[in-house]
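Please read the structure below before turning to the comments.
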Protein chains: 2
Amino acid sequence: MPPNSAAREGELSPVTRERRENSLWLTEEQTSGLSLSLRVSETVFAKKTQYQDILIVDTTEYGRTLVLDGAIQLTERDEFCYSEMMAHVPLCSHPSPLRVLIVGGGDGAILREVLRHPYIDRCTLIDIDKDVTAASEKYLPFASVALKDPRADVRHMDALAYLKTTNERFDVVIVDSTDPVDFAAGLFQSPFYADIKRILKKDGIMTELAESPFSDTALMKQAIQQMRTVFPIVKMYWGAVPTYPSGMWTYGVASLAPDPALPVRRVEGTRYYSQKIHGASFVLPPFLSDLIE
Amino acid sequence: MPPNSAAREGELSPVTRERRENSLWLTEEQTSGLSLSLRVSETVFAKKTQYQDILIVDTTEYGRTLVLDGAIQLTERDEFCYSEMMAHVPLCSHPSPLRVLIVGGGDGAILREVLRHPYIDRCTLIDIDKDVTAASEKYLPFASVALKDPRADVRHMDALAYLKTTNERFDVVIVDSTDPVDFAAGLFQSPFYADIKRILKKDGIMTELAESPFSDTALMKQAIQQMRTVFPIVKMYWGAVPTYPSGMWTYGVASLAPDPALPVRRVEGTRYYSQKIHGASFVLPPFLSDLIE
């Protein structure tokens with residue numbers, strides 16, 4: 001027996017110690033019957049603001065992760081799947097997108113994608129919670145990298161009030177809302193879509209997340225149906241986002257004229273989006289097209 | 001105060017009681033940093049066989065669920081996503097698929113999809129564990145419905161040994177293995193693919209799951225690379241399967257001659273697969289095509 005074995009008896013073995021260090025999990029009950037958990041290596045930031053609980057953690061597999069009111073908003077590893085499909089589908093199918101509005105999206109990830117397009121004059125971002133933007137600038141550099149771009153026009157105010165009163169007009173509007181509860185509940189209803197239509201220029205296109213066909217079928221159907229009462233052209237597209245409920249994520253896109261399923265330009269530097277993915281993302285499995293018929 | 005309130009003090013409120021009844025969760029640590037959990041309403045069947053632990057539970061959101069060695073194999077709600085893409089991509093791109101072999105898949109779900117094609121002469125299914133088939137016949141009728149079809153030829157034996165010695169030949173081989181551990185470890189390596197090539201007829205096609213680009217990148221790359229050392233045509237396609245790791249699932253397909261990305265016939269009654277989905281599923285996001293270049 002080595003001379004110091006007795007002194008070591010109370011110590012953990014290396015394996016046990018490693019397990020203990022990494023045993024904190026972030027668990028999101030994505031629906032009443034489905035939970036997703038990410039192993040956490042460190043808690044980075046937590047703040048209760050006037051509007052929501054902001055939590056930023058480092059996870060072992062999906063990197064730095066932003067959580068709002070307990071719902072995963074983005075992870076360093078897979079946010080490109082969502083951010084690229086929200087931005088590039090409307091931008092690449094619009095004939096000349098110079099002015100863009102992002103409703104929500106205060107972390108800046110979608111803004112970063114919008115500003116990949118060199119012909120954009122200005123991208124306005126309106127998020128009600130300035131603390132999300134401040135936390136992203138400090139802790140989520142991969143998302144917030146473009147917030148200081150001279151073409152970025154970031155405002156912290158109530159987007160719903162802004163939409164009703166503004167005289168500004170846009171070519172593309174991207175609605176990056178949180179889940180449809182509390183102050184975001186109105187973001188999937190026809191009065192909201194009518195407000196957006198009012199501020200769209202000729203050939204205008206809007207895109208909005210439409211949740212998961214497995215996890216929130218009712219909301220997905222409602223979003224598409226309500227868009228159809230307002231816009232002449234409404235389509236759905238989909239893609240993978242591993243850390244969103246069910247991993248199968250849908251998007252609603254409404255257009256005043258251009259076919260949003262038809263890309264007319266390219267964008268450089270993307271990892272999920274391509275012109276071919278653009279077209280393929282509008283091919284819906286029969287169970288999904290049946291749901292929104 | 002109502003006369004019987006004192007007697008009720010120790011009772012649970014209806015809300016609390018309901019929460020307690022449904023608080024059992026099936027949690028799969030899909031990787032060391034990612035877990036998926038399904039709320040369980042009832043445990044239906046559990047058996048430790050010579051090969052693996054079989055567990056069948058009813059879940060509140062994904063219905064009846066088959067779990068082997070702690071890994072979710074199929075759920076009643078989303079197995080069509082996987083079963084249809086495993087069966088119909090090779091079958092609809094083969095010019096004349098009469099004889100089909102399924103390696104694994106003892107639950108019968110892929111067999112059910114194969115036998116949707118009316119021109120199939122015989123579909124042989126070889127699964128090492130007869131208890132999986134027996135449990136599926138009793139508890140998973142949605143999966144096992146075709147096991148008694150006269151065209152079904154179900155054998156319980158070691159598929160690896162069978163592949164090395166059989167004189168039978170097939171048009172399409174579908175490898176529905178469990179995760180690549182223990183006895184399934186050899187199912188993603190070139191000697192195994194060479195054995196399959198040996199039993200394929202002219203124009204033969206094989207398909208195998210290739211895991212997730214987020215959760216098992218190394219295995220996905222290995223499967224495709226090893227297929228390429230054996231087959232002249234190797235491609236990858238992908239689709240959504242919510243209860244598999246990351247929800248983004250890839251498939252490797254190898255062909256002796258036909259282009260597996262080009263469907264030449266239709267199939268009736270599907271919910272995920274269509275000819276358009278067939279083509280779209282071969283459009284890979286750039287990050288995924290880069291991984292297997």
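Residues are referred to by chain and number: the chain letter is A, B, ... according to the order shown in the structure tokens, the number counts from 1 in that chain, and ligands are numbered separately from 1 in the order shown.
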Worksheet item: Which chain A residues are at most 7 Å from chain B (counting only C-alpha atoms), as a ChimeraX atom specification?
Response: /A:33-39,60-61,240,242,246-248,271-274,276-277,280,283,285-287
Worksheet item: Using only C-alpha atoms, which residues sit within 10 Å of A:Ala159 once same-chain residues fewer than 3 positions away are excluded, as an NGL selection string?
Response: :A and (102-104 or 125-128 or 155-156 or 162-164)
Practice prompt. Write out as a PyMOL selection string all residues of stretch 82-282 of chain B that backbone DSSP assigns to strand (DSSP E or B).
Written response: chain B and resi 99-104+122-126+152-155+170-176+200-209+233-240+248-255
Practice prompt. Please provide the set of residues having any atom within 10 Å of A:Met220, restricted to only C-alpha atoms, with same-chain residues fewer than 5 positions apart removed, written as a ChimeraX atom specification.
Written response: /A:188,209-215,225,236,249-252,291-292
Worksheet item: Which one is closest to B:Ile120: B:Pro141, B:Gly106, B:Gly186, B:Pro150? Count only C-alpha atoms.
Response: B:Pro150
Fill in: Of the listed residues A:Asp107, A:Cys92, A:Thr124, A:Gln73, that which approaches A:Pro260 most closely, counting only C-alpha atoms
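Closest to A:Pro260 of all the choices is A:Cys92.
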Discussion item. Report as a PyMOL selection string all protein, DNA and RNA residues lying within 6 Å of stretch 200-208 of chain A, evaluated on only C-alpha atoms, omitting residues in the same chain fewer than 2 positions from it.
Written reply: chain A and resi 169-175+197-198+251-257
Fill in: Pick from B:Arg265, B:Tyr193, B:Ile199, B:Val154 nearest to B:Arg228, counting only C-alpha atoms
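When distances to B:Arg228 are compared using only C-alpha atoms, the smallest one comes from B:Tyr193.
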Discussion item. Report, in Å with one decimal, the straight-line distance from atom CA of B:Asp158 to atom CA of B:Tyr51.
Written reply: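 Computing it gives 11.2 Å between the two atoms.
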Worksheet item: Any idea what's packed within 10 Å of B:Ser144, counting only C-alpha atoms, ignoring anything in its chain fewer than 5 positions away? Could you give it as a PyMOL selection string?
Response: chain B and resi 106-112+133-139
Go ahead and dump the residues you just picked, N, CA and C atoms, as a compact mmCIF listing (two decimals), in the first residue's frame.
# COMPACT_ATOMS: atom_id res chain seq x y z
N GLY B 106 -36.15 -4.99 -36.20
CA GLY B 106 -37.03 -6.05 -35.76
C GLY B 106 -38.40 -5.60 -35.31
N ASP B 107 -38.55 -4.31 -35.04
CA ASP B 107 -39.88 -3.80 -34.67
C ASP B 107 -40.85 -3.79 -35.83
N GLY B 108 -40.34 -3.78 -37.07
CA GLY B 108 -41.20 -3.90 -38.24
C GLY B 108 -41.59 -2.60 -38.92
N ALA B 109 -41.19 -1.44 -38.38
CA ALA B 109 -41.68 -0.17 -38.93
C ALA B 109 -41.16 0.06 -40.36
N ILE B 110 -39.90 -0.26 -40.61
CA ILE B 110 -39.37 -0.06 -41.97
C ILE B 110 -39.95 -1.12 -42.91
N LEU B 111 -40.11 -2.34 -42.43
CA LEU B 111 -40.77 -3.38 -43.23
C LEU B 111 -42.16 -2.92 -43.70
N ARG B 112 -42.90 -2.31 -42.79
CA ARG B 112 -44.23 -1.77 -43.14
C ARG B 112 -44.11 -0.80 -44.31
N THR B 133 -39.00 -8.28 -31.81
CA THR B 133 -40.13 -8.54 -32.71
C THR B 133 -41.37 -8.98 -31.92
N ALA B 134 -41.16 -9.85 -30.95
CA ALA B 134 -42.30 -10.33 -30.15
C ALA B 134 -42.96 -9.17 -29.39
N ALA B 135 -42.14 -8.31 -28.82
CA ALA B 135 -42.68 -7.17 -28.07
C ALA B 135 -43.40 -6.20 -29.01
N SER B 136 -42.85 -6.02 -30.21
CA SER B 136 -43.49 -5.12 -31.16
C SER B 136 -44.84 -5.67 -31.60
N GLU B 137 -44.88 -6.99 -31.85
CA GLU B 137 -46.15 -7.60 -32.27
C GLU B 137 -47.22 -7.42 -31.21
N LYS B 138 -46.81 -7.44 -29.95
CA LYS B 138 -47.79 -7.35 -28.87
C LYS B 138 -48.12 -5.90 -28.53
N TYR B 139 -47.10 -5.02 -28.53
CA TYR B 139 -47.31 -3.69 -27.94
C TYR B 139 -47.18 -2.53 -28.94
Practice prompt. Compile the contact shell of B:Lys47 as a PyMOL selection string: residues with an atom at most 12 Å away, counting only C-alpha atoms, same-chain residues fewer than 3 positions apart removed.
Written response: chain B and resi 43-44+50-56+66-69+129+131-132+134-135
